[in-house]
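Data block below; observations after.
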Amino acid sequence: LNWEGGRTFNRNKIEGWVKNAFAEGMNPSLKVTSVVSRDKKQGRPTPLNTVNLLKACSKALGIGPHAAMQTAERLYLSGYLSYPRTESTAYPKSFDIEGTLRQQQTDPRWGQYVQQLLQSGPNKGKSGVDMGDHPPITPCRAANPAELHGDMSRIYELVVRHFIATVSSDAVWRSTKITFRCEALGDKGGFSVSGKEMKSPGFLAVLMHKEYGDNELDEYMKDKEEEELEQKLP
């Protein structure tokens, strides 16, 4: 539980409040006073440019920028990835999203997800910036798990999962806060507890946020409230 009085390191004061709460004639029980639930979106990622590719390789795979760039260029020269040196984070209108997805629908790692995405219809890539140089980094052909090895395999998988995530739906989380009051503690008797659960995984079914080193979900959920339901209890 979180106490509305904030943190305190005064042990004697706390023990005094506890003693008063359990004194004869007092009721130390907690009463639920409100339940607040909010649905919050976690937006899908933007298409991948060079800077974000190198950042993702470092955080998710532990591969430094120089090695990541060399590997991405080898994948490009081998026909697996598009040109890896680009500043753009928006797919051009001519980019064939469904065709690129269909190349991946037989892969045992994400093929089933891609098939479902094609049936429901992929989303447009999240709004980014078209710098007019080269399109964002995407897969150009399928590669089964045994076809590539080492860092080439790991970076190829990262790019494919990221591409699929960019045209998937947003994830939706339900955040709930319950407040309590202990009448025996008077104006110091307010407490609360909070938690969240996934309502719709969206793109997280193929790309988990922790792979990019983002351990704080709240960074994604900030200012993205869709719905608020508050129930006051007697």
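In the structure tokens, each chain is lettered A, B, ... as it comes, each chain's residues begin at 1, and ligands are numbered from 1 in order of appearance.
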Within 9 Å of segment 103-122 of chain A, which residues of segment 160-179 of chain A show up? Give each one with its shortest atom-to-atom distance in Å (one decimal) and the two atoms involved, counting only C-alpha atoms, rows by chain then rising residue number, as a Markdown table.
```
| residue | atom | partner | partner_atom | distance |
| --- | --- | --- | --- | --- |
| A:Val160 | CA | A:Gln104 | CA | 8.4 |
| A:Arg161 | CA | A:Trp110 | CA | 8.0 |
| A:Ile164 | CA | A:Val114 | CA | 7.5 |
| A:Val167 | CA | A:Pro122 | CA | 5.4 |
| A:Ser168 | CA | A:Pro122 | CA | 5.9 |
| A:Ser169 | CA | A:Pro122 | CA | 7.8 |
```
Check the DSSP output for the backbone and give back, as a ChimeraX atom specification, the residues of segment 78-181 of chain A in strand (DSSP E or B).
/A:81,139,171-181
Could you please determine the separation between atom CA of Gln70 of chain A and atom CA of Leu204 of chain A in Å, to one decimal place?
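These atoms are spaced 28.3 Å apart.
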How many Å separate atom CA of Arg102 of chain A from atom CA of Pro45 of chain A?
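Going from atom CA of Arg102 of chain A over to atom CA of Pro45 of chain A, I get 20.2 Å.
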Taking into account only C-alpha atoms, which residue in the set A:Trp173, A:Phe9, A:Tyr91, A:Tyr80 is nearest to Gly128 of chain A?
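With only C-alpha atoms as the atom set, the closest residue is A:Tyr91.
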All residues 10 Å or closer to Ser88 of chain A, only C-alpha atoms, same chain fewer than 3 positions away omitted, as a PyMOL selection string
chain A and resi 47-51+85+91-92+128-137
